[in-house]
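Report on one structure; see the data block that follows.
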Amino acid sequence: MDFRLGPDSEEFRAEVRAFLDEHITPEMTERVYRTGVSHDEAFTRALAERGWLAPGWPVELGGQGRDPLEMQVLADELRVRDAPTYGIGTTLMVATVLRAVGTPAQQAEILPRALSGQIVIVLGFSEPEAGSDLASAATRAVPDGDGWVINGQKMFTTNAQIGDYVFLLARTNTEVPRHRGLTMFLVPMDQEGVEVQPVFTLSGERTNITFYNDVRVSDAWRIGEVDGGWQTLTVSLAAEHGSAFGSAIERLLAAAEDWAAGTLDDGGRPMLEDLSLRETLGRTMADLEVSRLLQRRVAWMAEAGLPLTTEGPMSKLFSSEALQDRAQDLAELMGPDALRSYLDPTAPGHGEVEHTLRHSLGTTIYAGTSEIHRNMIAQRGLGLPRTR
Amino acid sequence: MELRPSADQQQLIDTFAALYAKESPPERVRAAEPLGFDRRLWDLLVGLGSITMAVPEEDGGWGASLLDLALVAEQHGRALGPAPLIETQVAARLLARTGPAAADLLAQVLAGDRLVTLAPRPCRGPVAGLVPAGAVADDVIVLHGDTLTVVPIGEDRVVPGNLGSMPLADVPLREGPVIATGPAAEVAFESALDDWLALTAAALAAMALRSVEIGVDYASEREAFGQPIGGFQAVGHRLADCRVAADGAGLLARQAAWAAGEDPERFPVLAPMAYGFAAEAARDASYWALHFHGGYGFMLEYDIQLSYRRSRAWANVVMDPRRAYRRVADRRYGPVGAG
Ligand SMILES: Cc1cc2nc3c(=O)[nH]c(=O)nc-3n(C[C@H](O)[C@H](O)[C@H](O)COP(=O)(O)OP(=O)(O)OC[C@H]3O[C@@H](n4cnc5c(N)ncnc54)[C@H](O)[C@@H]3O)c2cc1C
């Protein structure tokens, strides 16, 4: 057994850190936060120039042929610095789907631009009436000549306001069981009939409702088989379910330590000597380590060619729940100081604790809620009967 | 990164798994109660070289890594082994570490002639309280002030009944050979304690996983309201959480034990971290698995109560999880009052 990531990974980490030191400026961090848009064109292109948008892809497709553990190193470092990567994440997720099931024409059209950071692709899965239960999606696509006409609404279409395409889940058949009547489309956002309405969230992250009114899409933009959308969707959701929040726990820990080191208790003793705080800091370190291990297990298994069952959901579920719990614990120990806002100059640790009290709530909801992940683990991981 | 045991390690796992399957099934665990000592299991463990392997080659042992020992500890925890495996391994390693002063005693331990244990807490008064294996050991190593002494255990030991049916004893202190003094004694004691924490973490992580399995088996069989109870989310989701924690605990315990040899700088942080996490995972998994047995879980006849009691006892007798997390902080920030 060996718990080292390997010398290549560590060398790569040093390279990534140097790059981030140069490219992540306080101004960018501030702008990302104030606008709520986790995407920055210049930063994305700089990453692309290094070949780091899809480091795991083969070189001939614009990647670097890096292994899953190295990719994890990159993802970790980006998240520890809270780099604006949401748009990159969704774009690459769709690029991965296209690489698997897209036509040569679709691949030629999209992949080079996706991998060079020229386009943003957003996800149009959730609807006002369908989130966890995506198979009940109601947005309709009806055949029309050599294309389709789409009508419906999507909820939480994050980055739609800057997106070039939306990867859209639509119903193409109402005569069959619901999972079998869905099809995926890649809809250009500048298509007539597409409308974007902003939605503001607790963490400041901006998302949108998107409306589709008689949007005409050529059949060339259908991804995968007609009525085969569920399989296509499953490919992309699997990638999402492997997301992890260890890096956010690392940020939280650093902020709490920053506060503890600079604060005295009522008796004039450094807060860092407070036993209950120390206990919680120790627990936070354990949660961080476990989050990393569960996440690395997924990458290692992928690299070793071992079949994944629910290791991805375990990583996502644990790290997001731990992030939420530890943020709450630490906020209670910090008392009023925890209330100072993110990036407020008076806030200890840049206000990361206040920020985490907000944004951690999203981590247990998007990319599959905790309940959905528990369902998966109970059924596929533990072999329990279907839960209700 | 490689998370699979090597071929040698797999063989080690298989050997001990077979031993525990045969010699430590729940009936034997029960039969050993209330003392919690199965002489035959103990003799077989010693015969297999469980203590000898823990000691470096230059001290007459086989020089197994702490990770190897952790893989054995997993089997021990999974089976709730009623024998003082971890404490005696840790004590033997401590004797080896303190050098010539303890060489004779170590030789007797390796020959299987003496059973030596360690008091996990520094001793302040005239009695070493709740010494693991104290009820069956010949000697206990005690840190008293800045002196490590091998205290012979006499007839005056008191064996209290306890939650985990462990062979614990309150041992009155008496004169015995001193094996280390001053800072060296404390350093040796603290490293022994780290070994103990890492190995117990492995045992508790495996105990947690076994508890989840017991819970899942029962929840798949038992029906209520026309369906297996495992189909209710209130049941399935808790078990899913427990499984995630057990997996995390297992990975962290193995990483901690691995670090003893491969990343020694981090080992003192990882050992208590793994321990705290595994103790809580085992605590929660055994609780929920018991709870989901309904009234049957409360009956002595069902095995889950064995895990419920041991998950708490094995942990608390060494160090409760909260204290373990504070130890993590001590290692990272330095002890309280040092700055
Ligand atoms: C910041 C943010 C960004 C997002 N970005 C995107 C995006 O870019 N594209 C996109 O398509 N979507 C996006 N989403 C949507 C997200 O994927 C959904 O919110 C999520 O899948 C949950 O769906 P819902 O909101 O409809 O909740 P619901 O599905 O209505 O769930 C409500 C509650 O019921 C619980 N629940 C539902 N089903 C079950 C069940 N079977 N068992 C037990 N409990 C259940 C849920 O866990 C939840 O607690 C985003 C969400 C957020 C918050």
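Ordered as shown in the structure tokens, chains take letters A, B, and onward, while each chain numbers its residues from 1 and ligands are numbered from 1 in the order shown.
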
Using DSSP assignments from the backbone, pull out every residue in range 89-262 of chain B that falls under helix (DSSP H, G or I) and give it to me as a VMD selection string. chain B and resid 89 to 97 99 to 110 182 to 221 229 to 231 233 to 262

Selection within 6 Å of ligand 1 by only C-alpha atoms and all ligand atoms, output as a PyMOL selection string: chain A and resi 123-126+130-133+156-158+362+365-372

For range 1-3 of chain B, list every protein, DNA or RNA residue within 6 Å, evaluated using only C-alpha atoms, and leave out those in the same chain fewer than 3 positions away; present the list as a PyMOL selection string. chain A and resi 1-5

Give me a file of those residues, with N, CA, C and O atoms, as a PDB file, in the first residue's frame.
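The result, stored in result27.pdb:
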```
ATOM      1  N   MET A   1       0.840  -1.198   0.000  1.00  0.00           N
ATOM      2  CA  MET A   1       0.000   0.000   0.000  1.00  0.00           C
ATOM      3  C   MET A   1       0.870   1.241   0.000  1.00  0.00           C
ATOM      4  O   MET A   1       1.969   1.221   0.546  1.00  0.00           O
ATOM      5  N   ASP A   2       0.359   2.279  -0.573  1.00  0.00           N
ATOM      6  CA  ASP A   2       1.119   3.525  -0.627  1.00  0.00           C
ATOM      7  C   ASP A   2       0.121   4.687  -0.678  1.00  0.00           C
ATOM      8  O   ASP A   2      -0.736   4.730  -1.566  1.00  0.00           O
ATOM      9  N   PHE A   3       0.224   5.566   0.283  1.00  0.00           N
ATOM     10  CA  PHE A   3      -0.723   6.687   0.338  1.00  0.00           C
ATOM     11  C   PHE A   3      -0.163   7.956  -0.280  1.00  0.00           C
ATOM     12  O   PHE A   3      -0.832   8.984  -0.268  1.00  0.00           O
ATOM     13  N   ARG A   4       1.071   7.847  -0.817  1.00  0.00           N
ATOM     14  CA  ARG A   4       1.603   9.017  -1.517  1.00  0.00           C
ATOM     15  C   ARG A   4       0.902   9.152  -2.850  1.00  0.00           C
ATOM     16  O   ARG A   4       0.581   8.166  -3.493  1.00  0.00           O
ATOM     17  N   LEU A   5       0.722  10.389  -3.279  1.00  0.00           N
ATOM     18  CA  LEU A   5       0.125  10.574  -4.593  1.00  0.00           C
ATOM     19  C   LEU A   5       1.124  10.211  -5.683  1.00  0.00           C
ATOM     20  O   LEU A   5       0.761   9.891  -6.795  1.00  0.00           O
TER      21      LEU A   5
END
```

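The shell of residues at most 7 Å from Phe167 in chain A, with only C-alpha atoms counted and near chain neighbours (fewer than 4 positions) removed, consists of Ile121, Val122, Leu123, Gly124, Met184, Phe185, Leu186 and Val187 of chain A.
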
Long-range neighbours of Gly125 in chain B as a list in words, 10 Å cut-off, only C-alpha atoms, 5 positions minimum in chain: His144, Pro172 and Leu173 of chain B

Selection near Met285 in chain A, 9 Å with only C-alpha atoms, sequence-local residues under 5 positions removed, as a short mmCIF file (atom, residue, chain, number, x, y, z; two decimals) with all heavy atoms, in the first residue's frame:
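As written to disk, out19.cif reads:
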```
data_model
loop_
_atom_site.label_atom_id
_atom_site.label_comp_id
_atom_site.auth_asym_id
_atom_site.auth_seq_id
_atom_site.Cartn_x
_atom_site.Cartn_y
_atom_site.Cartn_z
N ILE A 249 -13.13 22.54 3.06
CA ILE A 249 -12.87 22.30 4.49
C ILE A 249 -11.50 22.87 4.84
O ILE A 249 -11.31 23.46 5.92
CB ILE A 249 -12.95 20.79 4.82
CG1 ILE A 249 -14.36 20.27 4.52
CG2 ILE A 249 -12.58 20.54 6.28
CD1 ILE A 249 -14.55 18.78 4.77
N GLU A 250 -10.56 22.72 3.93
CA GLU A 250 -9.22 23.27 4.17
C GLU A 250 -9.28 24.79 4.34
O GLU A 250 -8.63 25.36 5.22
CB GLU A 250 -8.31 22.88 3.00
CG GLU A 250 -6.85 23.09 3.27
CD GLU A 250 -5.96 22.52 2.16
OE1 GLU A 250 -6.30 21.46 1.58
OE2 GLU A 250 -4.95 23.17 1.84
N LEU A 253 -10.87 25.60 7.74
CA LEU A 253 -9.92 25.34 8.83
C LEU A 253 -8.91 26.48 8.93
O LEU A 253 -8.63 26.98 10.03
CB LEU A 253 -9.21 24.01 8.57
CG LEU A 253 -8.11 23.60 9.54
CD1 LEU A 253 -8.68 23.38 10.94
CD2 LEU A 253 -7.42 22.32 9.06
N THR A 280 -12.60 20.84 18.28
CA THR A 280 -13.28 21.02 17.00
C THR A 280 -12.29 21.19 15.85
O THR A 280 -12.53 20.69 14.75
CB THR A 280 -14.24 22.22 17.09
OG1 THR A 280 -15.20 21.94 18.10
CG2 THR A 280 -14.97 22.44 15.78
N VAL A 290 -10.27 12.70 5.86
CA VAL A 290 -11.18 11.65 5.36
C VAL A 290 -11.78 12.07 4.02
O VAL A 290 -11.90 11.26 3.10
CB VAL A 290 -12.27 11.34 6.40
CG1 VAL A 290 -13.37 10.47 5.81
CG2 VAL A 290 -11.66 10.65 7.62
N MET B 273 -5.86 11.26 15.06
CA MET B 273 -6.93 11.64 14.14
C MET B 273 -7.70 10.40 13.70
O MET B 273 -8.93 10.34 13.75
CB MET B 273 -6.27 12.30 12.93
CG MET B 273 -7.17 13.03 12.01
SD MET B 273 -6.22 13.55 10.56
CE MET B 273 -5.52 15.07 11.09
N TYR B 325 -9.02 14.07 19.58
CA TYR B 325 -9.01 15.23 18.69
C TYR B 325 -8.19 16.38 19.29
O TYR B 325 -7.53 17.12 18.58
CB TYR B 325 -10.45 15.70 18.40
CG TYR B 325 -11.18 14.78 17.45
CD1 TYR B 325 -12.48 14.36 17.72
CD2 TYR B 325 -10.59 14.33 16.27
CE1 TYR B 325 -13.16 13.51 16.86
CE2 TYR B 325 -11.25 13.49 15.41
CZ TYR B 325 -12.54 13.08 15.70
OH TYR B 325 -13.19 12.24 14.84
N VAL B 328 -4.70 15.72 18.50
CA VAL B 328 -4.38 16.16 17.13
C VAL B 328 -3.98 17.63 17.15
O VAL B 328 -2.97 18.03 16.57
CB VAL B 328 -5.59 15.96 16.20
CG1 VAL B 328 -5.30 16.54 14.82
CG2 VAL B 328 -5.97 14.49 16.10
N ALA B 329 -4.78 18.42 17.86
CA ALA B 329 -4.48 19.86 17.94
C ALA B 329 -3.16 20.10 18.65
O ALA B 329 -2.38 20.96 18.25
CB ALA B 329 -5.63 20.58 18.66
#
```

To one decimal in Å, tell me the separation between CA of Arg380 in chain A and CA of Arg222 in chain B.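 Distance reported for this atom pair: 19.2 Å.
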
Using only C-alpha atoms, tabulate the residues of chain A lying at most 8 Å from any atom of chain B, each with its closest atom pair and that distance in Å to one decimal, by chain and increasing residue number, as JSON lines.
```
{"residue": "A:Met1", "atom": "CA", "partner": "B:Glu2", "partner_atom": "CA", "distance": 4.9}
{"residue": "A:Asp2", "atom": "CA", "partner": "B:Glu2", "partner_atom": "CA", "distance": 4.8}
{"residue": "A:Phe3", "atom": "CA", "partner": "B:Met1", "partner_atom": "CA", "distance": 5.1}
{"residue": "A:Arg4", "atom": "CA", "partner": "B:Met1", "partner_atom": "CA", "distance": 5.3}
{"residue": "A:Leu5", "atom": "CA", "partner": "B:Met1", "partner_atom": "CA", "distance": 5.0}
{"residue": "A:Gly6", "atom": "CA", "partner": "B:Met1", "partner_atom": "CA", "distance": 6.4}
{"residue": "A:Glu273", "atom": "CA", "partner": "B:Val336", "partner_atom": "CA", "distance": 5.3}
{"residue": "A:Leu275", "atom": "CA", "partner": "B:Arg326", "partner_atom": "CA", "distance": 7.1}
{"residue": "A:Arg278", "atom": "CA", "partner": "B:Arg326", "partner_atom": "CA", "distance": 5.5}
{"residue": "A:Glu279", "atom": "CA", "partner": "B:Arg326", "partner_atom": "CA", "distance": 4.6}
{"residue": "A:Thr280", "atom": "CA", "partner": "B:Tyr325", "partner_atom": "CA", "distance": 7.4}
{"residue": "A:Leu281", "atom": "CA", "partner": "B:Ala329", "partner_atom": "CA", "distance": 6.7}
{"residue": "A:Gly282", "atom": "CA", "partner": "B:Tyr325", "partner_atom": "CA", "distance": 4.5}
{"residue": "A:Arg283", "atom": "CA", "partner": "B:Tyr325", "partner_atom": "CA", "distance": 5.7}
{"residue": "A:Met285", "atom": "CA", "partner": "B:Met273", "partner_atom": "CA", "distance": 7.7}
{"residue": "A:Ala286", "atom": "CA", "partner": "B:Met273", "partner_atom": "CA", "distance": 5.5}
{"residue": "A:Glu289", "atom": "CA", "partner": "B:Leu252", "partner_atom": "CA", "distance": 7.4}
{"residue": "A:Val290", "atom": "CA", "partner": "B:Gly248", "partner_atom": "CA", "distance": 5.4}
{"residue": "A:Ser291", "atom": "CA", "partner": "B:Gly248", "partner_atom": "CA", "distance": 7.8}
{"residue": "A:Leu293", "atom": "CA", "partner": "B:Leu251", "partner_atom": "CA", "distance": 6.7}
{"residue": "A:Leu294", "atom": "CA", "partner": "B:Gly248", "partner_atom": "CA", "distance": 6.4}
{"residue": "A:Arg297", "atom": "CA", "partner": "B:Leu3", "partner_atom": "CA", "distance": 7.7}
{"residue": "A:Trp300", "atom": "CA", "partner": "B:Met1", "partner_atom": "CA", "distance": 6.8}
{"residue": "A:Met314", "atom": "CA", "partner": "B:Val244", "partner_atom": "CA", "distance": 5.8}
{"residue": "A:Phe318", "atom": "CA", "partner": "B:Val244", "partner_atom": "CA", "distance": 7.0}
{"residue": "A:Glu371", "atom": "CA", "partner": "B:His237", "partner_atom": "CA", "distance": 7.5}
{"residue": "A:Arg374", "atom": "CA", "partner": "B:His237", "partner_atom": "CA", "distance": 5.3}
{"residue": "A:Asn375", "atom": "CA", "partner": "B:His237", "partner_atom": "CA", "distance": 6.7}
{"residue": "A:Ile377", "atom": "CA", "partner": "B:Ala240", "partner_atom": "CA", "distance": 5.7}
{"residue": "A:Ala378", "atom": "CA", "partner": "B:Ala240", "partner_atom": "CA", "distance": 5.2}
{"residue": "A:Leu382", "atom": "CA", "partner": "B:Val216", "partner_atom": "CA", "distance": 7.0}
{"residue": "A:Leu384", "atom": "CA", "partner": "B:Gly230", "partner_atom": "CA", "distance": 5.7}
{"residue": "A:Pro385", "atom": "CA", "partner": "B:Gly231", "partner_atom": "CA", "distance": 4.9}
{"residue": "A:Arg386", "atom": "CA", "partner": "B:Gly231", "partner_atom": "CA", "distance": 5.4}
{"residue": "A:Thr387", "atom": "CA", "partner": "B:Gly231", "partner_atom": "CA", "distance": 4.2}
{"residue": "A:Arg388", "atom": "CA", "partner": "B:Phe232", "partner_atom": "CA", "distance": 5.7}
```

Kindly export the residues of the current selection with C-alpha atoms, as a CSV table (one decimal), in the first residue's frame.
```csv
chain,number,residue,atom,x,y,z
A,1,MET,CA,0.0,0.0,0.0
A,2,ASP,CA,1.1,3.5,-0.6
A,3,PHE,CA,-0.7,6.7,0.3
A,4,ARG,CA,1.6,9.0,-1.5
A,5,LEU,CA,0.1,10.6,-4.6
A,6,GLY,CA,3.4,10.0,-6.4
A,273,GLU,CA,-5.7,27.3,24.0
A,275,LEU,CA,-10.0,23.1,24.7
A,278,ARG,CA,-9.0,22.6,19.9
A,279,GLU,CA,-11.3,19.6,19.9
A,280,THR,CA,-13.3,21.0,17.0
A,281,LEU,CA,-10.2,22.0,15.1
A,282,GLY,CA,-8.9,18.4,15.5
A,283,ARG,CA,-12.2,17.1,14.3
A,285,MET,CA,-8.6,18.1,10.4
A,286,ALA,CA,-9.9,14.6,10.6
A,289,GLU,CA,-8.3,14.0,5.8
A,290,VAL,CA,-11.2,11.7,5.4
A,291,SER,CA,-12.6,13.8,2.6
A,293,LEU,CA,-9.0,10.0,1.2
A,294,LEU,CA,-12.5,9.2,0.0
A,297,ARG,CA,-9.9,6.5,-3.6
A,300,TRP,CA,-7.1,5.8,-7.6
A,314,MET,CA,-19.6,8.6,-0.7
A,318,PHE,CA,-19.2,13.0,3.3
A,371,GLU,CA,-30.7,12.2,0.2
A,374,ARG,CA,-27.8,8.2,0.5
A,375,ASN,CA,-30.3,6.4,-1.7
A,377,ILE,CA,-25.3,4.2,-1.3
A,378,ALA,CA,-28.0,2.3,0.5
A,382,LEU,CA,-25.2,-1.8,0.7
A,384,LEU,CA,-30.6,-2.6,0.6
A,385,PRO,CA,-34.0,-2.7,-1.0
A,386,ARG,CA,-35.1,0.4,-3.0
A,387,THR,CA,-35.7,3.1,-0.4
A,388,ARG,CA,-38.8,5.2,-0.2
```

Which residues are near range 106-111 of chain A? Cut-off 10 Å, only C-alpha atoms, ignore same chain within fewer than 4 positions. Put them as a list of chain:residue names.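 The filter keeps A:Leu61, A:Gly62, A:Thr91, A:Leu92, A:Val94, A:Ala95, A:Thr96, A:Val97, A:Leu98, A:Arg99, A:Ala100, A:Val101, A:Gly102, A:Leu115, A:Ser116, A:Gly117, A:Gln118, A:Ile119, A:Ile121, A:Tyr165, A:Leu186, A:Ala220, A:Trp221, A:Arg222, A:Ile223.
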
Could the residues in this selection be written to a file with C-alpha atoms, as a compact mmCIF listing (two decimals), in the first residue's frame?
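Everything below was put into selection-v4.txt:
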```
# COMPACT_ATOMS: atom_id res chain seq x y z
CA LEU A 61 -7.28 16.26 -28.25
CA GLY A 62 -5.76 19.17 -26.38
CA THR A 91 -18.13 22.80 -20.10
CA LEU A 92 -15.73 19.91 -19.62
CA VAL A 94 -20.37 18.13 -21.56
CA ALA A 95 -17.19 17.82 -23.61
CA THR A 96 -16.63 14.46 -21.93
CA VAL A 97 -20.12 13.36 -22.89
CA LEU A 98 -19.55 14.49 -26.47
CA ARG A 99 -16.30 12.63 -26.63
CA ALA A 100 -18.17 9.48 -25.61
CA VAL A 101 -21.38 9.75 -27.61
CA GLY A 102 -21.13 12.79 -29.93
CA LEU A 115 -10.62 22.71 -24.61
CA SER A 116 -9.15 26.07 -25.53
CA GLY A 117 -11.50 27.92 -23.22
CA GLN A 118 -13.36 29.73 -25.98
CA ILE A 119 -16.84 28.55 -25.09
CA ILE A 121 -21.47 25.16 -21.94
CA TYR A 165 -24.61 26.41 -25.36
CA LEU A 186 -26.91 21.04 -27.23
CA ALA A 220 -27.36 18.02 -35.77
CA TRP A 221 -27.49 19.31 -32.18
CA ARG A 222 -29.11 16.19 -30.80
CA ILE A 223 -26.61 14.41 -28.54
```

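Checking B:Arg114, B:Glu87, B:Arg30, B:Leu66 one by one against Leu300 in chain B, counting only C-alpha atoms, you find the shortest gap at B:Arg30.
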
For the strand (DSSP E) assignment from backbone DSSP, which residues of range 36-197 of chain A qualify? Please present them as a PyMOL selection string. chain A and resi 121-124+140-144+147-155+165-171+182-188+194-197

Point-to-point distance in Å for CA of Ser243 in chain A and CA of Tyr287 in chain B: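 Here the two named atoms are 29.6 Å from each other.
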
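For the residues B:Arg78, B:Arg121, B:Val136, B:Gly182, ranking by smallest atom-to-atom distance to Leu148 in chain B using only C-alpha atoms places B:Gly182 first.
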
What separation in Å, quoted to one decimal, exists between CA of His291 in chain B and CA of Ala279 in chain B?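 Atom-to-atom, CA of His291 in chain B to CA of Ala279 in chain B, that is 18.2 Å.
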
In terms of the shortest atom-to-atom distance over only C-alpha atoms, which of A:Ser320, A:Thr103, A:Ser341, A:Thr201 is closest to Gly224 in chain A?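 Of all the options, A:Thr103 lies closest to Gly224 in chain A.
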